[in-house]
Amino acid sequence: MATQRTMTHSCWTCGSDQPHRLLTKKEEDWLKERLGRKGVSEFRLCVNVLDPDTGKQCRNLRTGFTEKPFAKPIKVPVPD
Ligand SMILES: [Zn+2]
């Protein structure tokens, strides 16, 4: 897969500006199922590394316009 460009947005759960990227096909499929929606192209995923030892990323979702699109944060699980 080609390297995706990241965009800097504020992240609600990190509490600061962080790089975000668009979702992969697998992640989009997961989110469509999770939300019961057909289109999720506006969502972006926070790639801030929370744990440098494991490389664990934040993976919290926002859209290009809304920092907090859900009542509770939705973090996309790492695909198998
Ligand atoms: Zn974050």
# chains A, B, ... in the order shown; residues from 1 in each chain; ligands from 1
$ closest_atom_pairs --of "chain A" --to "ligand 1" --cutoff "6 Å" --atoms "only C-alpha atoms and all ligand atoms" --output "Markdown table"
| residue | atom | partner | partner_atom_place_in_ligand_line | distance |
| --- | --- | --- | --- | --- |
| A:Cys11 | CA | ligand 1 | 1 (Zn) | 4.7 |
| A:Thr13 | CA | ligand 1 | 1 (Zn) | 5.4 |
| A:Cys14 | CA | ligand 1 | 1 (Zn) | 4.3 |
| A:Cys46 | CA | ligand 1 | 1 (Zn) | 4.6 |
| A:Asn48 | CA | ligand 1 | 1 (Zn) | 5.6 |
| A:Cys58 | CA | ligand 1 | 1 (Zn) | 4.6 |
| A:Asn60 | CA | ligand 1 | 1 (Zn) | 5.3 |
$ residues_around --residues "Phe43 in chain A" --least-positions-apart "5" --cutoff "8 Å" --atoms "only C-alpha atoms" --output "list in words"
Leu22, Leu23, Leu61, Arg62, Thr63 and Gly64 of chain A
$ write_last_selection --atoms "C-alpha atoms" --output "PDB file, in the first residue's frame"
ATOM      1  CA  LEU A  22      -7.626   8.545   5.983  1.00  0.00           C
ATOM      2  CA  LEU A  23      -8.888   5.060   6.740  1.00  0.00           C
ATOM      3  CA  LEU A  61     -11.597   9.036  14.858  1.00  0.00           C
ATOM      4  CA  ARG A  62     -12.669  12.508  13.835  1.00  0.00           C
ATOM      5  CA  THR A  63     -13.853  14.044  10.595  1.00  0.00           C
ATOM      6  CA  GLY A  64     -12.153  16.807   8.658  1.00  0.00           C
TER       7      GLY A  64
END
$ atom_distance --atom1 "CA of Pro79 in chain A" --atom2 "CA of His20 in chain A"
17.3 Å
$ atom_distance --atom1 "CA of Glu67 in chain A" --atom2 "CA of Glu42 in chain A"
11.8 Å
$ residues_around --residues "Arg5 in chain A" --least-positions-apart "2" --cutoff "12 Å" --atoms "only C-alpha atoms" --output "list in words"
Ala2, Thr3, Met7, Thr8, Pro19, His20, Arg21, Leu22, Leu23, Arg44, Leu45 and Val47 of chain A
$ write_last_selection --atoms "C-alpha atoms" --output "PDB file, in the first residue's frame"
ATOM      1  CA  ALA A   2       1.268   3.473  -0.824  1.00  0.00           C
ATOM      2  CA  THR A   3       2.222   5.769   1.996  1.00  0.00           C
ATOM      3  CA  MET A   7      -3.080  15.955   7.956  1.00  0.00           C
ATOM      4  CA  THR A   8      -2.701  17.754  11.261  1.00  0.00           C
ATOM      5  CA  PRO A  19      -1.234  13.762  12.493  1.00  0.00           C
ATOM      6  CA  HIS A  20      -4.301  12.031  11.080  1.00  0.00           C
ATOM      7  CA  ARG A  21      -4.739   9.872   7.998  1.00  0.00           C
ATOM      8  CA  LEU A  22      -7.626   8.545   5.983  1.00  0.00           C
ATOM      9  CA  LEU A  23      -8.888   5.060   6.740  1.00  0.00           C
ATOM     10  CA  ARG A  44      -9.720  10.456   9.774  1.00  0.00           C
ATOM     11  CA  LEU A  45      -7.695   8.428  12.188  1.00  0.00           C
ATOM     12  CA  VAL A  47      -1.785   8.202  14.198  1.00  0.00           C
TER      13      VAL A  47
END
$ atom_distance --atom1 "CA of Glu27 in chain A" --atom2 "CA of Gln57 in chain A"
14.1 Å
$ residues_around --residues "Arg34 in chain A" --least-positions-apart "4" --cutoff "10 Å" --atoms "only C-alpha atoms" --output "VMD selection string"
chain A and resid 28 to 30 74 76
$ write_last_selection --atoms "N, CA and C atoms" --output "compact mmCIF listing (two decimals), in the first residue's frame"
# COMPACT_ATOMS: atom_id res chain seq x y z
N GLU A 28 -12.28 1.12 6.96
CA GLU A 28 -13.57 1.66 6.50
C GLU A 28 -14.67 0.61 6.64
N ASP A 29 -14.36 -0.62 6.28
CA ASP A 29 -15.35 -1.70 6.38
C ASP A 29 -15.76 -1.90 7.84
N TRP A 30 -14.78 -1.85 8.73
CA TRP A 30 -15.08 -2.01 10.16
C TRP A 30 -16.00 -0.89 10.64
N ILE A 74 -14.53 6.87 19.38
CA ILE A 74 -14.44 5.58 18.71
C ILE A 74 -13.02 5.42 18.22
N VAL A 76 -10.45 2.90 16.26
CA VAL A 76 -10.50 1.78 15.33
C VAL A 76 -9.51 0.70 15.78
$ select_by_dssp --residues "chain A" --states "alpha helix (DSSP H)" --output "PDB file with C-alpha atoms, in the first residue's frame"
ATOM      1  CA  LYS A  25     -10.293  -0.226   3.149  1.00  0.00           C
ATOM      2  CA  LYS A  26     -10.335  -2.665   6.086  1.00  0.00           C
ATOM      3  CA  GLU A  27     -10.805   0.120   8.597  1.00  0.00           C
ATOM      4  CA  GLU A  28     -13.570   1.658   6.499  1.00  0.00           C
ATOM      5  CA  ASP A  29     -15.348  -1.695   6.382  1.00  0.00           C
ATOM      6  CA  TRP A  30     -15.083  -2.015  10.160  1.00  0.00           C
ATOM      7  CA  LEU A  31     -16.452   1.484  10.704  1.00  0.00           C
ATOM      8  CA  LYS A  32     -19.331   1.014   8.252  1.00  0.00           C
ATOM      9  CA  GLU A  33     -20.339  -2.061  10.223  1.00  0.00           C
ATOM     10  CA  ARG A  34     -19.842  -0.263  13.547  1.00  0.00           C
ATOM     11  CA  LEU A  35     -21.922   2.764  12.548  1.00  0.00           C
TER      12      LEU A  35
END
$ closest_residue --among "A:Gly39, A:Asp51, A:Thr66, A:Thr24" --to "Val78 in chain A" --atoms "only C-alpha atoms"
A:Thr24
$ select_by_dssp --residues "chain A" --states "strand (DSSP E or B)" --output "ChimeraX atom specification"
/A:7-11,16-22,43-46,49-51,56-57,60-63,75
$ closest_residue --among "A:Trp12, A:Val49, A:Arg59, A:Val40" --to "Ala71 in chain A" --atoms "only C-alpha atoms"
A:Trp12
